[in-house]
Amino acid sequence: TFVVTDNCILCKYTDCVAVCPVDAFYEGPNFLVINPDDCIDCDLCPVECPVDAIFQEDAVPEDQKEFIELNAELSKNWPRITEVKPALAQAEKWDGVTDKIQYLAT
Ligand code: SF4
Ligand code: F3S
């Protein structure tokens, strides 16, 4: 499965949603997650993310491993998103800021 990680938080560009053949993305207030039960490992979404926030599960950086479980858990509660929408207002400013998990809204 693929996993959305820290750099999506407060950016949420949603370009990833456009290419997913199985609509595996679920939306929170300032972050998207992938439901591991939906994802078919097609590998189409990582390159679409302008902030490089999506990784194959085995390639998630060491300091981001908690996002594997977070994607699985949050995707149970959040609504599915199937259409691209505008990024969050401050998206450019937040790209590359580390440890945005502290701002994660659930
Ligand atoms: Fe969807 Fe493919 Fe990305 Fe999985 S890897 S979330 S199936 S686009
Ligand atoms: Fe987030 Fe990148 Fe998708 S910022 S919403 S994972 S395109």
# chains A, B, ... in the order shown; residues from 1 in each chain; ligands from 1
$ residues_around --residues "range 83-88 of chain A" --least-positions-apart "5" --cutoff "6 Å" --atoms "only C-alpha atoms" --output "PyMOL selection string"
chain A and resi 11-14
$ closest_atom_pairs --of "chain A" --to "ligand 1" --cutoff "7 Å" --atoms "only C-alpha atoms and all ligand atoms" --output "JSON lines"
{"residue": "A:Thr1", "atom": "CA", "partner": "ligand 1", "partner_atom_place_in_ligand_line": "4 (Fe)", "distance": 6.1}
{"residue": "A:Phe2", "atom": "CA", "partner": "ligand 1", "partner_atom_place_in_ligand_line": "5 (S)", "distance": 5.4}
{"residue": "A:Cys16", "atom": "CA", "partner": "ligand 1", "partner_atom_place_in_ligand_line": "8 (S)", "distance": 6.7}
{"residue": "A:Val19", "atom": "CA", "partner": "ligand 1", "partner_atom_place_in_ligand_line": "8 (S)", "distance": 5.6}
{"residue": "A:Cys20", "atom": "CA", "partner": "ligand 1", "partner_atom_place_in_ligand_line": "8 (S)", "distance": 3.5}
{"residue": "A:Pro21", "atom": "CA", "partner": "ligand 1", "partner_atom_place_in_ligand_line": "1 (Fe)", "distance": 5.9}
{"residue": "A:Val22", "atom": "CA", "partner": "ligand 1", "partner_atom_place_in_ligand_line": "7 (S)", "distance": 5.7}
{"residue": "A:Asp23", "atom": "CA", "partner": "ligand 1", "partner_atom_place_in_ligand_line": "1 (Fe)", "distance": 6.3}
{"residue": "A:Ala24", "atom": "CA", "partner": "ligand 1", "partner_atom_place_in_ligand_line": "6 (S)", "distance": 5.1}
{"residue": "A:Phe25", "atom": "CA", "partner": "ligand 1", "partner_atom_place_in_ligand_line": "6 (S)", "distance": 6.4}
{"residue": "A:Ile34", "atom": "CA", "partner": "ligand 1", "partner_atom_place_in_ligand_line": "6 (S)", "distance": 5.7}
{"residue": "A:Asp38", "atom": "CA", "partner": "ligand 1", "partner_atom_place_in_ligand_line": "7 (S)", "distance": 6.9}
{"residue": "A:Cys39", "atom": "CA", "partner": "ligand 1", "partner_atom_place_in_ligand_line": "4 (Fe)", "distance": 3.8}
{"residue": "A:Ile40", "atom": "CA", "partner": "ligand 1", "partner_atom_place_in_ligand_line": "7 (S)", "distance": 4.4}
{"residue": "A:Asp41", "atom": "CA", "partner": "ligand 1", "partner_atom_place_in_ligand_line": "5 (S)", "distance": 4.2}
{"residue": "A:Cys42", "atom": "CA", "partner": "ligand 1", "partner_atom_place_in_ligand_line": "2 (Fe)", "distance": 3.9}
{"residue": "A:Asp43", "atom": "CA", "partner": "ligand 1", "partner_atom_place_in_ligand_line": "5 (S)", "distance": 4.0}
{"residue": "A:Leu44", "atom": "CA", "partner": "ligand 1", "partner_atom_place_in_ligand_line": "8 (S)", "distance": 4.6}
{"residue": "A:Cys45", "atom": "CA", "partner": "ligand 1", "partner_atom_place_in_ligand_line": "3 (Fe)", "distance": 4.2}
{"residue": "A:Pro46", "atom": "CA", "partner": "ligand 1", "partner_atom_place_in_ligand_line": "3 (Fe)", "distance": 6.7}
$ residues_near_ligand --ligand "ligand 2" --cutoff "7 Å" --atoms "only C-alpha atoms and all ligand atoms" --output "VMD selection string"
chain A and resid 4 7 to 9 11 to 17 31 to 32 48 to 54
$ closest_residue --among "A:Ile101, A:Val47, A:Leu10, A:Asp95" --to "Glu66 in chain A" --atoms "only C-alpha atoms"
A:Ile101
$ atom_distance --atom1 "CA of Asp37 in chain A" --atom2 "CA of Ala72 in chain A"
8.3 Å
$ select_by_dssp --residues "chain A" --states "strand (DSSP E or B)" --output "ChimeraX atom specification"
/A:2-4,25-27,32-34,54-56,80
$ write_last_selection --atoms "C-alpha atoms" --output "PDB file, in the first residue's frame"
ATOM      1  CA  PHE A   2       0.981   3.640  -0.347  1.00  0.00           C
ATOM      2  CA  VAL A   3       1.062   6.133   2.528  1.00  0.00           C
ATOM      3  CA  VAL A   4       0.547   9.901   2.761  1.00  0.00           C
ATOM      4  CA  PHE A  25      -8.102   8.758  -0.710  1.00  0.00           C
ATOM      5  CA  TYR A  26      -9.980  10.063   2.329  1.00  0.00           C
ATOM      6  CA  GLU A  27     -10.106  13.686   3.393  1.00  0.00           C
ATOM      7  CA  LEU A  32      -5.469  13.334   3.074  1.00  0.00           C
ATOM      8  CA  VAL A  33      -4.861   9.673   3.810  1.00  0.00           C
ATOM      9  CA  ILE A  34      -4.928   6.455   1.790  1.00  0.00           C
ATOM     10  CA  ILE A  54       3.380   9.908  -0.807  1.00  0.00           C
ATOM     11  CA  PHE A  55       5.566   6.824  -0.340  1.00  0.00           C
ATOM     12  CA  GLN A  56       5.246   3.112  -0.817  1.00  0.00           C
ATOM     13  CA  ARG A  80     -13.755   9.533   0.614  1.00  0.00           C
TER      14      ARG A  80
END
$ atom_distance --atom1 "CA of Ala105 in chain A" --atom2 "CA of Glu69 in chain A"
16.0 Å
$ atom_distance --atom1 "CA of Gly28 in chain A" --atom2 "CA of Tyr103 in chain A"
12.1 Å
$ closest_residue --among "A:Ala18, A:Gln90, A:Thr82, A:Thr5" --to "Ala59 in chain A" --atoms "only C-alpha atoms"
A:Thr5
$ closest_residue --among "A:Trp94, A:Gln64, A:Asn71, A:Ile81" --to "Thr106 in chain A" --atoms "only C-alpha atoms"
A:Asn71
$ decode --residues "chain A" --atoms "C-alpha atoms" --output "CSV table (one decimal), in the first residue's frame"
chain,number,residue,atom,x,y,z
A,1,THR,CA,0.0,0.0,0.0
A,2,PHE,CA,1.0,3.6,-0.3
A,3,VAL,CA,1.1,6.1,2.5
A,4,VAL,CA,0.5,9.9,2.8
A,5,THR,CA,3.1,11.5,5.1
A,6,ASP,CA,3.8,14.7,7.0
A,7,ASN,CA,4.4,17.1,4.1
A,8,CYS,CA,0.8,16.9,2.9
A,9,ILE,CA,-0.4,18.4,6.2
A,10,LEU,CA,-1.5,22.1,5.7
A,11,CYS,CA,-0.9,21.8,1.9
A,12,LYS,CA,-3.4,19.2,0.7
A,13,TYR,CA,-3.0,19.8,-3.0
A,14,THR,CA,-5.3,16.9,-3.9
A,15,ASP,CA,-3.6,16.2,-7.3
A,16,CYS,CA,-3.2,12.7,-6.0
A,17,VAL,CA,-6.9,12.1,-6.1
A,18,ALA,CA,-7.2,12.7,-9.8
A,19,VAL,CA,-5.2,9.7,-10.8
A,20,CYS,CA,-6.2,7.0,-8.2
A,21,PRO,CA,-8.1,4.3,-10.1
A,22,VAL,CA,-9.8,3.0,-7.0
A,23,ASP,CA,-10.6,6.2,-5.1
A,24,ALA,CA,-8.4,5.2,-2.2
A,25,PHE,CA,-8.1,8.8,-0.7
A,26,TYR,CA,-10.0,10.1,2.3
A,27,GLU,CA,-10.1,13.7,3.4
A,28,GLY,CA,-9.6,15.4,6.7
A,29,PRO,CA,-9.5,19.2,7.4
A,30,ASN,CA,-5.9,19.7,6.5
A,31,PHE,CA,-4.6,16.2,5.3
A,32,LEU,CA,-5.5,13.3,3.1
A,33,VAL,CA,-4.9,9.7,3.8
A,34,ILE,CA,-4.9,6.5,1.8
A,35,ASN,CA,-7.0,3.5,2.9
A,36,PRO,CA,-4.7,0.5,2.8
A,37,ASP,CA,-7.6,-1.8,2.0
A,38,ASP,CA,-8.4,0.2,-1.1
A,39,CYS,CA,-5.0,0.9,-2.5
A,40,ILE,CA,-3.9,-1.5,-5.3
A,41,ASP,CA,-0.3,-0.4,-5.4
A,42,CYS,CA,-0.5,1.1,-8.9
A,43,ASP,CA,2.2,3.6,-8.1
A,44,LEU,CA,0.4,6.4,-10.0
A,45,CYS,CA,0.0,8.9,-7.2
A,46,PRO,CA,3.4,9.7,-5.7
A,47,VAL,CA,4.6,11.6,-8.8
A,48,GLU,CA,1.5,13.7,-8.9
A,49,CYS,CA,2.1,15.1,-5.4
A,50,PRO,CA,3.7,18.6,-5.7
A,51,VAL,CA,5.3,18.2,-2.3
A,52,ASP,CA,6.4,14.5,-2.5
A,53,ALA,CA,4.3,13.4,0.4
A,54,ILE,CA,3.4,9.9,-0.8
A,55,PHE,CA,5.6,6.8,-0.3
A,56,GLN,CA,5.2,3.1,-0.8
A,57,GLU,CA,4.8,1.6,2.6
A,58,ASP,CA,8.3,0.0,2.6
A,59,ALA,CA,9.9,3.2,1.6
A,60,VAL,CA,8.4,5.5,4.2
A,61,PRO,CA,11.2,7.5,5.8
A,62,GLU,CA,12.2,6.3,9.2
A,63,ASP,CA,11.0,9.4,11.0
A,64,GLN,CA,7.5,9.1,9.2
A,65,LYS,CA,6.7,5.5,10.1
A,66,GLU,CA,3.8,6.6,12.4
A,67,PHE,CA,2.0,7.7,9.2
A,68,ILE,CA,1.5,4.1,8.2
A,69,GLU,CA,-0.9,3.5,11.1
A,70,LEU,CA,-2.3,7.0,10.8
A,71,ASN,CA,-3.4,6.4,7.2
A,72,ALA,CA,-5.1,3.2,8.2
A,73,GLU,CA,-6.9,4.7,11.2
A,74,LEU,CA,-7.9,8.1,9.9
A,75,SER,CA,-9.2,6.6,6.6
A,76,LYS,CA,-11.9,4.7,8.6
A,77,ASN,CA,-13.3,8.0,9.9
A,78,TRP,CA,-12.9,10.5,7.1
A,79,PRO,CA,-15.1,10.8,3.9
A,80,ARG,CA,-13.8,9.5,0.6
A,81,ILE,CA,-12.6,12.3,-1.7
A,82,THR,CA,-12.9,11.7,-5.5
A,83,GLU,CA,-12.4,15.1,-7.0
A,84,VAL,CA,-9.5,17.5,-7.1
A,85,LYS,CA,-10.1,20.8,-5.2
A,86,PRO,CA,-7.9,23.9,-4.6
A,87,ALA,CA,-5.0,23.4,-2.2
A,88,LEU,CA,-5.1,25.0,1.2
A,89,ALA,CA,-4.5,28.8,1.2
A,90,GLN,CA,-1.0,28.6,2.8
A,91,ALA,CA,0.1,25.5,0.9
A,92,GLU,CA,3.2,27.0,-0.6
A,93,LYS,CA,4.4,28.4,2.7
A,94,TRP,CA,4.0,25.1,4.4
A,95,ASP,CA,5.8,23.0,1.8
A,96,GLY,CA,8.9,21.5,3.4
A,97,VAL,CA,8.2,22.6,7.0
A,98,THR,CA,9.0,19.6,9.2
A,99,ASP,CA,6.9,18.0,11.9
A,100,LYS,CA,3.6,19.4,10.7
A,101,ILE,CA,1.9,16.4,12.4
A,102,GLN,CA,1.5,18.7,15.4
A,103,TYR,CA,-1.0,20.7,13.4
A,104,LEU,CA,-2.9,17.7,12.1
A,105,ALA,CA,-6.6,18.4,12.4
A,106,THR,CA,-8.8,15.3,12.8
